[in-house]
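One file, work-v8.cif, carrying mmCIF, C-alpha atoms and all ligand atoms:
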data_final
#
loop_
_atom_site.label_atom_id
_atom_site.label_comp_id
_atom_site.auth_asym_id
_atom_site.auth_seq_id
_atom_site.Cartn_x
_atom_site.Cartn_y
_atom_site.Cartn_z
CA MET O 6 -6.34 -22.88 -3.88
CA THR O 7 -10.01 -22.97 -4.93
CA ALA O 8 -12.87 -21.97 -2.62
CA ILE O 9 -13.87 -25.64 -2.28
CA GLN O 10 -10.30 -26.64 -1.38
CA PHE O 11 -10.16 -23.81 1.17
CA LEU O 12 -13.45 -24.82 2.83
CA THR O 13 -12.37 -28.48 2.86
CA ALA O 14 -9.07 -27.55 4.52
CA THR O 15 -10.99 -25.43 7.06
CA GLY O 16 -13.21 -28.40 7.91
CA GLN O 17 -10.21 -30.72 8.18
CA LYS O 18 -8.57 -28.38 10.70
CA CYS O 19 -11.52 -28.71 13.10
CA SER O 20 -11.33 -30.94 16.16
CA PRO O 21 -13.28 -31.18 19.40
CA ILE O 22 -11.18 -28.27 20.72
CA ARG O 23 -10.31 -26.43 17.48
CA GLN O 24 -13.24 -24.68 15.81
CA GLU O 25 -11.72 -23.41 12.55
CA PHE O 26 -15.12 -22.86 10.93
CA ILE O 27 -16.31 -20.62 13.79
CA LEU O 28 -13.02 -18.76 13.45
CA LEU O 29 -13.58 -18.30 9.71
CA SER O 30 -17.06 -16.93 10.35
CA ASP O 31 -15.59 -14.63 13.02
CA VAL O 32 -12.78 -13.12 10.92
CA LEU O 33 -15.14 -12.48 8.02
CA GLY O 34 -17.42 -10.52 10.35
CA LEU O 35 -20.26 -12.97 9.72
CA SER O 36 -20.57 -13.97 13.36
CA ALA O 37 -20.79 -10.31 14.44
CA LEU O 38 -23.34 -9.53 11.71
CA VAL O 39 -25.61 -12.50 12.47
CA ASP O 40 -25.25 -11.80 16.18
CA SER O 41 -26.33 -8.17 15.79
CA ILE O 42 -29.39 -9.22 13.76
CA ASN O 43 -30.41 -12.10 16.01
CA HIS O 44 -29.67 -10.40 19.30
CA ALA O 45 -31.08 -6.94 18.84
CA ARG O 46 -31.76 -5.46 22.29
CA PRO O 47 -33.52 -2.43 23.72
CA PRO O 48 -31.08 0.47 24.24
CA ALA O 49 -31.11 0.02 28.04
CA ALA O 50 -29.85 -3.58 27.80
CA THR O 51 -26.21 -4.67 27.55
CA GLU O 52 -25.13 -5.45 24.00
CA ASN O 53 -24.32 -8.94 22.86
CA THR O 54 -21.10 -9.81 21.09
CA VAL O 55 -19.48 -12.86 19.52
CA LEU O 56 -19.19 -16.07 21.52
CA GLY O 57 -15.82 -16.95 19.97
CA PRO O 58 -14.45 -20.46 19.55
CA PHE O 59 -13.18 -21.04 23.10
CA PHE O 60 -16.35 -21.47 25.17
CA THR O 61 -16.59 -24.88 26.83
CA THR O 62 -19.37 -26.42 28.88
CA ASP O 63 -17.18 -27.83 31.64
CA ALA O 64 -16.35 -24.73 33.68
CA ALA O 65 -16.31 -25.39 37.42
CA ASP O 66 -18.65 -23.71 39.90
CA VAL O 67 -16.84 -20.90 41.69
CA ASP O 68 -17.79 -19.45 45.08
CA HIS O 69 -18.23 -15.71 45.50
CA HIS O 70 -14.77 -14.21 46.09
CA GLY O 71 -13.26 -17.43 44.72
CA SER O 72 -11.02 -17.49 41.65
CA ILE O 73 -11.67 -18.76 38.13
CA ALA O 74 -7.92 -18.97 37.55
CA SER O 75 -5.37 -21.24 39.16
CA GLU O 76 -2.26 -19.82 40.78
CA GLY O 77 0.25 -18.08 38.50
CA LYS O 78 -2.06 -17.60 35.54
CA GLY O 79 -1.73 -13.82 35.46
CA GLU O 80 -2.11 -10.59 37.38
CA PRO O 81 -5.08 -11.00 39.76
CA LEU O 82 -8.19 -8.99 38.89
CA PHE O 83 -11.20 -8.68 41.17
CA VAL O 84 -14.38 -8.67 39.09
CA SER O 85 -17.49 -7.24 40.70
CA ILE O 86 -20.60 -7.38 38.55
CA ARG O 87 -24.32 -7.00 38.98
CA VAL O 88 -27.08 -8.55 36.89
CA LEU O 89 -30.02 -6.16 36.49
CA ASP O 90 -33.19 -5.86 34.44
CA THR O 91 -33.86 -2.83 32.22
CA HIS O 92 -35.56 -1.06 35.16
CA GLY O 93 -32.47 -1.43 37.33
CA LYS O 94 -33.92 -4.24 39.47
CA PRO O 95 -31.39 -6.89 40.56
CA ILE O 96 -31.88 -10.37 39.07
CA ALA O 97 -31.14 -13.07 41.61
CA GLY O 98 -30.20 -16.62 40.60
CA ALA O 99 -28.81 -15.69 37.18
CA LYS O 100 -26.25 -18.18 35.84
CA VAL O 101 -23.03 -16.40 34.99
CA GLU O 102 -20.31 -18.09 32.93
CA THR O 103 -16.99 -16.37 32.38
CA TRP O 104 -13.85 -17.34 30.48
CA GLU O 105 -10.59 -15.72 29.38
CA THR O 106 -7.00 -16.43 28.42
CA ASP O 107 -4.11 -16.58 30.85
CA ALA O 108 -1.39 -13.91 30.83
CA GLU O 109 0.32 -15.71 27.94
CA GLY O 110 -2.73 -15.14 25.77
CA PHE O 111 -3.82 -18.78 25.64
CA TYR O 112 -7.11 -20.39 26.60
CA ASP O 113 -6.82 -23.59 28.62
CA VAL O 114 -8.03 -25.65 25.64
CA GLN O 115 -5.04 -24.48 23.62
CA TYR O 116 -2.65 -26.33 25.91
CA GLU O 117 -1.87 -29.93 25.08
CA GLY O 118 -2.80 -32.29 27.87
CA ARG O 119 -5.36 -29.94 29.44
CA GLU O 120 -6.25 -31.64 32.73
CA PHE O 121 -8.98 -29.35 34.04
CA PRO O 122 -10.86 -26.20 33.07
CA ASP O 123 -8.87 -23.09 33.98
CA CYS O 124 -9.47 -19.35 33.61
CA ARG O 125 -13.16 -20.12 33.33
CA GLY O 126 -15.89 -20.48 35.92
CA ARG O 127 -19.59 -20.50 36.65
CA LEU O 128 -21.36 -18.46 39.35
CA THR O 129 -24.91 -17.67 40.41
CA SER O 130 -25.98 -14.10 41.12
CA ARG O 131 -26.94 -13.30 44.72
CA ASP O 132 -30.19 -11.65 45.84
CA ASP O 133 -28.66 -8.26 45.08
CA GLY O 134 -27.83 -9.45 41.55
CA ALA O 135 -24.10 -9.42 42.33
CA CYS O 136 -21.37 -11.87 41.39
CA GLU O 137 -17.87 -11.25 42.68
CA PHE O 138 -14.87 -13.31 41.75
CA TRP O 139 -11.16 -13.23 41.06
CA ALA O 140 -9.88 -13.58 37.53
CA VAL O 141 -6.71 -12.36 35.82
CA VAL O 142 -6.16 -9.09 33.99
CA PRO O 143 -7.08 -9.87 30.36
CA VAL O 144 -4.40 -9.56 27.68
CA ALA O 145 -4.53 -9.19 23.89
CA TYR O 146 -3.89 -12.44 22.06
CA PRO O 147 -3.48 -13.75 18.52
CA ILE O 148 -6.23 -16.00 17.21
CA PRO O 149 -4.92 -19.40 16.02
CA SER O 150 -3.18 -18.65 12.73
CA ASP O 151 -1.55 -21.97 11.82
CA GLY O 152 -4.54 -23.06 9.72
CA PRO O 153 -6.48 -21.91 6.67
CA VAL O 154 -7.94 -18.89 8.51
CA GLY O 155 -4.44 -17.64 9.36
CA SER O 156 -3.40 -18.03 5.70
CA LEU O 157 -6.47 -16.09 4.63
CA LEU O 158 -5.69 -13.20 6.99
CA ARG O 159 -2.07 -13.06 5.85
CA SER O 160 -3.15 -12.91 2.23
CA LEU O 161 -5.47 -10.02 3.14
CA HIS O 162 -2.61 -8.27 5.03
CA ARG O 163 -4.70 -8.32 8.21
CA HIS O 164 -3.27 -8.87 11.67
CA VAL O 165 -4.45 -11.76 13.85
CA PHE O 166 -4.94 -10.05 17.22
CA ARG O 167 -7.93 -9.64 19.47
CA PRO O 168 -7.86 -6.87 22.11
CA ALA O 169 -7.82 -8.00 25.76
CA HIS O 170 -11.27 -9.12 26.94
CA LEU O 171 -13.18 -11.11 29.50
CA HIS O 172 -16.02 -13.23 28.15
CA ILE O 173 -19.31 -13.32 30.04
CA MET O 174 -22.52 -15.21 29.42
CA VAL O 175 -25.58 -14.55 31.61
CA GLU O 176 -28.73 -16.68 31.67
CA ALA O 177 -31.84 -16.03 33.76
CA ASP O 178 -35.40 -17.30 33.57
CA GLY O 179 -37.66 -15.03 31.53
CA TYR O 180 -34.73 -13.05 30.09
CA GLU O 181 -32.86 -13.14 26.83
CA THR O 182 -29.51 -14.89 27.32
CA LEU O 183 -26.67 -12.40 27.10
CA THR O 184 -23.40 -13.50 25.49
CA THR O 185 -20.93 -10.69 25.68
CA ALA O 186 -17.43 -9.58 26.69
CA LEU O 187 -15.77 -6.64 28.39
CA TYR O 188 -12.84 -4.91 26.73
CA PRO O 189 -10.50 -2.89 29.01
CA GLU O 190 -9.79 0.58 27.62
CA GLY O 191 -6.39 1.45 26.21
CA ASP O 192 -5.77 -1.72 24.21
CA GLU O 193 -4.07 -1.07 20.86
CA TYR O 194 -6.35 -3.54 19.05
CA LEU O 195 -9.71 -2.10 20.17
CA LYS O 196 -10.24 -0.49 16.77
CA SER O 197 -9.05 -3.41 14.66
CA ASP O 198 -10.25 -6.56 16.45
CA ALA O 199 -9.56 -9.53 14.15
CA VAL O 200 -13.10 -10.85 14.76
CA PHE O 201 -15.06 -7.54 14.90
CA GLY O 202 -16.28 -8.25 18.45
CA VAL O 203 -15.63 -4.86 20.10
CA LYS O 204 -18.54 -2.52 20.77
CA LYS O 205 -18.06 0.92 22.29
CA SER O 206 -20.59 0.18 25.04
CA LEU O 207 -18.51 -2.82 26.19
CA ILE O 208 -15.25 -0.96 26.77
CA CYS O 209 -14.52 -0.99 30.50
CA LYS O 210 -12.07 0.50 32.97
CA ILE O 211 -9.79 -1.45 35.28
CA ASP O 212 -9.17 0.42 38.52
CA THR O 213 -6.20 0.14 40.84
CA VAL O 214 -7.46 -0.07 44.43
CA SER O 215 -5.15 0.75 47.35
CA ASP O 216 -7.73 0.88 50.14
CA LYS O 217 -6.91 -1.62 52.90
CA ALA O 218 -10.52 -2.22 53.97
CA ALA O 219 -11.55 -2.84 50.36
CA GLY O 220 -8.68 -5.29 49.99
CA GLU O 221 -9.71 -7.16 53.12
CA ARG O 222 -13.34 -7.34 52.00
CA VAL O 223 -12.42 -9.03 48.71
CA ARG O 224 -9.59 -11.09 50.20
CA ALA O 225 -6.91 -9.42 48.07
CA LYS O 226 -3.53 -11.10 48.56
CA SER O 227 -1.70 -7.79 48.21
CA LEU O 228 -2.28 -4.07 47.82
CA PRO O 229 -2.92 -2.33 45.53
CA PHE O 230 -5.13 -4.69 43.54
CA LYS O 231 -6.90 -4.43 40.19
CA GLN O 232 -10.66 -4.23 40.05
CA LEU O 233 -13.29 -4.26 37.32
CA LYS O 234 -16.87 -3.25 38.11
CA TRP O 235 -19.73 -3.66 35.66
CA ASP O 236 -23.52 -3.88 35.52
CA PHE O 237 -25.00 -6.31 33.01
CA VAL O 238 -28.53 -5.40 32.02
CA LEU O 239 -30.73 -8.18 30.66
CA ALA O 240 -33.70 -7.61 28.37
CA SER O 241 -36.79 -9.65 29.13
CA LYS O 242 -37.80 -12.07 26.36
CA GLU O 243 -40.81 -9.84 25.61
CA GLU O 244 -38.66 -6.72 25.32
CA ALA O 245 -36.17 -8.50 23.05
CA ASP O 246 -38.94 -9.94 20.84
CA LYS O 247 -40.39 -6.48 20.29
CA VAL O 248 -37.03 -5.06 19.22
CA ARG O 249 -36.33 -8.04 16.95
CA GLU O 250 -39.73 -7.79 15.29
CA ALA O 251 -39.25 -4.06 14.68
CA LYS O 252 -35.82 -4.73 13.17
CA MET O 253 -37.14 -7.51 10.90
CA GLU O 254 -39.99 -5.25 9.81
CA LYS O 255 -37.46 -2.59 8.75
CA MET O 256 -35.50 -5.18 6.74
CA ARG O 257 -38.58 -6.61 5.00
CA VAL O 258 -38.82 -5.82 1.28
CA LYS O 259 -42.07 -4.03 0.58
FE FE O 301 -11.76 -14.52 23.55
#

Since I need it in another form, could you write the structure as structure tokens?
Ligand SMILES: [Fe+2]
Amino acid sequence: MTAIQFLTATGQKCSPIRQEFILLSDVLGLSALVDSINHARPPAATENTVLGPFFTTDAADVDHHGSIASEGKGEPLFVSIRVLDTHGKPIAGAKVETWETDAEGFYDVQYEGREFPDCRGRLTSRDDGACEFWAVVPVAYPIPSDGPVGSLLRSLHRHVFRPAHLHIMVEADGYETLTTALYPEGDEYLKSDAVFGVKKSLICKIDTVSDKAAGERVRAKSLPFKQLKWDFVLASKEEADKVREAKMEKMRVK
């Protein structure tokens, strides 16, 4: 197959819910490279990572302590995050989007006849910068491999797995939008992510909580329950511009 034939086949595999070209960019490491150049951040801010091909714009609004996942989609996970600026000040009113696969390793858009968005939701941070919601414990999953990108990976003797992760996007006025993901520690694919999305600073811990009062506060259906806590730190647009300019200056040929 020639390069032109390969790119044509990649284009022909795309559909409104199948983004084979994004996937190609991802497995080549191009998405991660462009992302790291375009989204350079000050060291205090949370790092960006790849958006991936499964973000949709139709996630439902979720109440605090509500669930982004419908019943039976996986092991419940309570996610407690805060949105902060680089000085540790809470950012209220930030728009938080989150999405993940179910326990089978599939995003809702990968199911035929998808009726409603599932395992994805949208929240707004409270005055203390917090967002708390129920999700499911992320699992590792294979990227779609029945198209040209899968053939490419097989010919390169590369596996097709991504480590377990929870995608998060945070937007707030005056701040650089953060598109990132959290990767629970211990996953066998953390060091060989098929799309090069893992960053050390984004590896998180999932705790097992047995405390009854804690369970009642978060409306856990049973004890113990799983919990993930994380602070997302946003860079202001000014801070991000400064870092970007410095990076571009370093790359400029003199
Ligand atoms: Fe993903």

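Of the residues under consideration (O:Asp178, O:Glu120, O:Asp236, O:Glu137), O:Glu137 shows the shortest atom-to-atom contact distance to O:Gly71 when counting only C-alpha atoms.
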
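With all atoms listed in the file as the basis for measurement, O:Leu28 is the residue among O:Cys136, O:Leu28, O:Leu89, O:Ala45 that approaches ligand FE 301 (chain O) most closely.
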
Produce a table with one row for each residue of chain O that has an atom at most 8 Å from any atom of ligand FE 301 (chain O), each row naming the nearest atom pair and its distance in Å at one decimal; use all atoms listed in the file; arrange rows by chain and rising residue number; format as JSON lines.
{"residue": "O:Leu56", "atom": "CA", "partner": "O:FE301", "partner_atom": "FE", "distance": 7.9}
{"residue": "O:Gly57", "atom": "CA", "partner": "O:FE301", "partner_atom": "FE", "distance": 5.9}
{"residue": "O:Pro58", "atom": "CA", "partner": "O:FE301", "partner_atom": "FE", "distance": 7.6}
{"residue": "O:Phe59", "atom": "CA", "partner": "O:FE301", "partner_atom": "FE", "distance": 6.7}
{"residue": "O:Trp104", "atom": "CA", "partner": "O:FE301", "partner_atom": "FE", "distance": 7.8}
{"residue": "O:Glu105", "atom": "CA", "partner": "O:FE301", "partner_atom": "FE", "distance": 6.1}
{"residue": "O:Thr106", "atom": "CA", "partner": "O:FE301", "partner_atom": "FE", "distance": 7.1}
{"residue": "O:Arg167", "atom": "CA", "partner": "O:FE301", "partner_atom": "FE", "distance": 7.4}
{"residue": "O:Ala169", "atom": "CA", "partner": "O:FE301", "partner_atom": "FE", "distance": 7.9}
{"residue": "O:His170", "atom": "CA", "partner": "O:FE301", "partner_atom": "FE", "distance": 6.4}
{"residue": "O:Leu171", "atom": "CA", "partner": "O:FE301", "partner_atom": "FE", "distance": 7.0}
{"residue": "O:His172", "atom": "CA", "partner": "O:FE301", "partner_atom": "FE", "distance": 6.4}

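Every polymer residue reaching to within 8 Å of (-13.3, -4.8, 31.5), counting all atoms listed in the file, appears in this list: His170, Leu171, Ala186, Leu187, Tyr188, Pro189, Glu190, Leu207, Ile208, Cys209, Lys210, Ile211, Leu233, Lys234 and Trp235 of chain O.
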
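Near O:Glu181, within 6 Å and counting all atoms listed in the file, sit O:Ala240, O:Ser241, O:Lys242; same-chain residues fewer than 4 positions away were not included.
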
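Shortest separation to O:Leu128 among O:Ala218, O:Val154, O:Leu161, O:Ile73 occurs at residue O:Ile73, atoms counted being all atoms listed in the file.
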
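Proximity of O:Cys19, O:Ala8, O:Leu82, O:Leu195 to O:Ala140, computed with all atoms listed in the file, is greatest for O:Leu82.
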
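When all atoms listed in the file are used to measure the gap to O:His92, the shortest distance among O:Glu109, O:Ala50, O:Gln232, O:Gly179 belongs to O:Ala50.
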
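Comparing O:Val39, O:Leu183, O:Ala199, O:Ile9 by their smallest distance to O:Arg159, the closest is O:Ala199 (using only C-alpha atoms).
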
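Coordinates place atom CA of O:Thr182 at a distance of 12.8 Å from atom CA of O:Ile96.
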
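Atom CA of O:His44 to atom CA of O:Asp246 spans 9.4 Å [interatomic distance, one decimal].
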
_Spatial sel., origin (-25.5, -10.4, 43.1), limit 10 Å, all atoms listed in the file, listed as an MDAnalysis selection string_ = chainID O and resid 69 85:89 95:99 128:137

Please produce a file of the residues just selected, as a CSV table (one decimal), in the frame of the given file, where the atoms kept are C-alpha atoms.
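The resulting out.csv:
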chain,number,residue,atom,x,y,z
O,69,HIS,CA,-18.2,-15.7,45.5
O,85,SER,CA,-17.5,-7.2,40.7
O,86,ILE,CA,-20.6,-7.4,38.6
O,87,ARG,CA,-24.3,-7.0,39.0
O,88,VAL,CA,-27.1,-8.6,36.9
O,89,LEU,CA,-30.0,-6.2,36.5
O,95,PRO,CA,-31.4,-6.9,40.6
O,96,ILE,CA,-31.9,-10.4,39.1
O,97,ALA,CA,-31.1,-13.1,41.6
O,98,GLY,CA,-30.2,-16.6,40.6
O,99,ALA,CA,-28.8,-15.7,37.2
O,128,LEU,CA,-21.4,-18.5,39.4
O,129,THR,CA,-24.9,-17.7,40.4
O,130,SER,CA,-26.0,-14.1,41.1
O,131,ARG,CA,-26.9,-13.3,44.7
O,132,ASP,CA,-30.2,-11.6,45.8
O,133,ASP,CA,-28.7,-8.3,45.1
O,134,GLY,CA,-27.8,-9.4,41.6
O,135,ALA,CA,-24.1,-9.4,42.3
O,136,CYS,CA,-21.4,-11.9,41.4
O,137,GLU,CA,-17.9,-11.2,42.7

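One distance worth recording is that between atom CA of O:Lys205 and atom CA of O:Val175, which is 19.6 Å.
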
Can you rebuild stretch 77-88 of chain O with all heavy atoms and give it as a JSON list (two decimals), keeping the file's coordinate frame?
[["chain", "number", "residue", "atom", "x", "y", "z"],
["O", 77, "GLY", "N", -0.80, -18.36, 39.48],
["O", 77, "GLY", "CA", 0.25, -18.08, 38.50],
["O", 77, "GLY", "C", -0.24, -17.87, 37.08],
["O", 77, "GLY", "O", 0.56, -17.84, 36.14],
["O", 78, "LYS", "N", -1.54, -17.73, 36.90],
["O", 78, "LYS", "CA", -2.06, -17.60, 35.54],
["O", 78, "LYS", "C", -2.07, -16.15, 35.02],
["O", 78, "LYS", "O", -2.40, -15.91, 33.87],
["O", 78, "LYS", "CB", -3.49, -18.17, 35.48],
["O", 78, "LYS", "CG", -3.49, -19.69, 35.42],
["O", 78, "LYS", "CD", -2.94, -20.14, 34.09],
["O", 78, "LYS", "CE", -2.74, -21.64, 34.00],
["O", 78, "LYS", "NZ", -2.23, -22.04, 32.68],
["O", 79, "GLY", "N", -1.76, -15.21, 35.90],
["O", 79, "GLY", "CA", -1.73, -13.82, 35.46],
["O", 79, "GLY", "C", -1.88, -12.89, 36.63],
["O", 79, "GLY", "O", -1.93, -13.32, 37.80],
["O", 80, "GLU", "N", -1.95, -11.59, 36.32],
["O", 80, "GLU", "CA", -2.11, -10.59, 37.38],
["O", 80, "GLU", "C", -3.53, -10.65, 37.92],
["O", 80, "GLU", "O", -4.50, -10.54, 37.15],
["O", 80, "GLU", "CB", -1.84, -9.19, 36.83],
["O", 80, "GLU", "CG", -1.91, -8.12, 37.90],
["O", 80, "GLU", "CD", -1.64, -6.71, 37.37],
["O", 80, "GLU", "OE1", -1.47, -6.55, 36.16],
["O", 80, "GLU", "OE2", -1.62, -5.79, 38.19],
["O", 81, "PRO", "N", -3.72, -10.86, 39.22],
["O", 81, "PRO", "CA", -5.08, -11.00, 39.76],
["O", 81, "PRO", "C", -5.95, -9.77, 39.49],
["O", 81, "PRO", "O", -5.48, -8.63, 39.55],
["O", 81, "PRO", "CB", -4.85, -11.18, 41.27],
["O", 81, "PRO", "CG", -3.46, -11.70, 41.38],
["O", 81, "PRO", "CD", -2.70, -11.05, 40.25],
["O", 82, "LEU", "N", -7.20, -10.04, 39.17],
["O", 82, "LEU", "CA", -8.19, -8.99, 38.89],
["O", 82, "LEU", "C", -9.47, -9.35, 39.62],
["O", 82, "LEU", "O", -10.01, -10.45, 39.43],
["O", 82, "LEU", "CB", -8.47, -8.93, 37.38],
["O", 82, "LEU", "CG", -9.65, -8.04, 36.96],
["O", 82, "LEU", "CD1", -9.30, -6.56, 37.14],
["O", 82, "LEU", "CD2", -10.04, -8.31, 35.50],
["O", 83, "PHE", "N", -9.94, -8.43, 40.49],
["O", 83, "PHE", "CA", -11.20, -8.68, 41.17],
["O", 83, "PHE", "C", -12.34, -8.16, 40.29],
["O", 83, "PHE", "O", -12.33, -6.99, 39.89],
["O", 83, "PHE", "CB", -11.23, -8.00, 42.54],
["O", 83, "PHE", "CG", -12.44, -8.40, 43.34],
["O", 83, "PHE", "CD1", -12.55, -9.68, 43.86],
["O", 83, "PHE", "CD2", -13.47, -7.50, 43.55],
["O", 83, "PHE", "CE1", -13.68, -10.07, 44.58],
["O", 83, "PHE", "CE2", -14.60, -7.88, 44.26],
["O", 83, "PHE", "CZ", -14.70, -9.16, 44.78],
["O", 84, "VAL", "N", -13.27, -9.04, 39.98],
["O", 84, "VAL", "CA", -14.38, -8.67, 39.09],
["O", 84, "VAL", "C", -15.66, -8.61, 39.93],
["O", 84, "VAL", "O", -16.03, -9.59, 40.59],
["O", 84, "VAL", "CB", -14.55, -9.70, 37.95],
["O", 84, "VAL", "CG1", -15.66, -9.27, 37.00],
["O", 84, "VAL", "CG2", -13.23, -9.88, 37.20],
["O", 85, "SER", "N", -16.28, -7.45, 39.90],
["O", 85, "SER", "CA", -17.49, -7.24, 40.70],
["O", 85, "SER", "C", -18.61, -6.81, 39.75],
["O", 85, "SER", "O", -18.58, -5.70, 39.22],
["O", 85, "SER", "CB", -17.20, -6.13, 41.73],
["O", 85, "SER", "OG", -18.37, -5.84, 42.47],
["O", 86, "ILE", "N", -19.54, -7.70, 39.51],
["O", 86, "ILE", "CA", -20.60, -7.38, 38.55],
["O", 86, "ILE", "C", -21.97, -7.47, 39.21],
["O", 86, "ILE", "O", -22.13, -8.09, 40.27],
["O", 86, "ILE", "CB", -20.57, -8.32, 37.31],
["O", 86, "ILE", "CG1", -20.92, -9.77, 37.71],
["O", 86, "ILE", "CG2", -19.23, -8.26, 36.62],
["O", 86, "ILE", "CD1", -21.22, -10.66, 36.54],
["O", 87, "ARG", "N", -22.94, -6.82, 38.56],
["O", 87, "ARG", "CA", -24.32, -7.00, 38.98],
["O", 87, "ARG", "C", -25.15, -7.35, 37.75],
["O", 87, "ARG", "O", -24.87, -6.89, 36.65],
["O", 87, "ARG", "CB", -24.88, -5.71, 39.60],
["O", 87, "ARG", "CG", -24.28, -5.37, 40.94],
["O", 87, "ARG", "CD", -25.07, -4.26, 41.61],
["O", 87, "ARG", "NE", -25.20, -3.10, 40.75],
["O", 87, "ARG", "CZ", -26.11, -2.14, 40.92],
["O", 87, "ARG", "NH1", -26.96, -2.19, 41.92],
["O", 87, "ARG", "NH2", -26.17, -1.10, 40.10],
["O", 88, "VAL", "N", -26.15, -8.19, 37.96],
["O", 88, "VAL", "CA", -27.08, -8.55, 36.89],
["O", 88, "VAL", "C", -28.40, -7.84, 37.20],
["O", 88, "VAL", "O", -28.99, -8.03, 38.27],
["O", 88, "VAL", "CB", -27.29, -10.08, 36.80],
["O", 88, "VAL", "CG1", -28.20, -10.41, 35.62],
["O", 88, "VAL", "CG2", -25.96, -10.81, 36.68]]
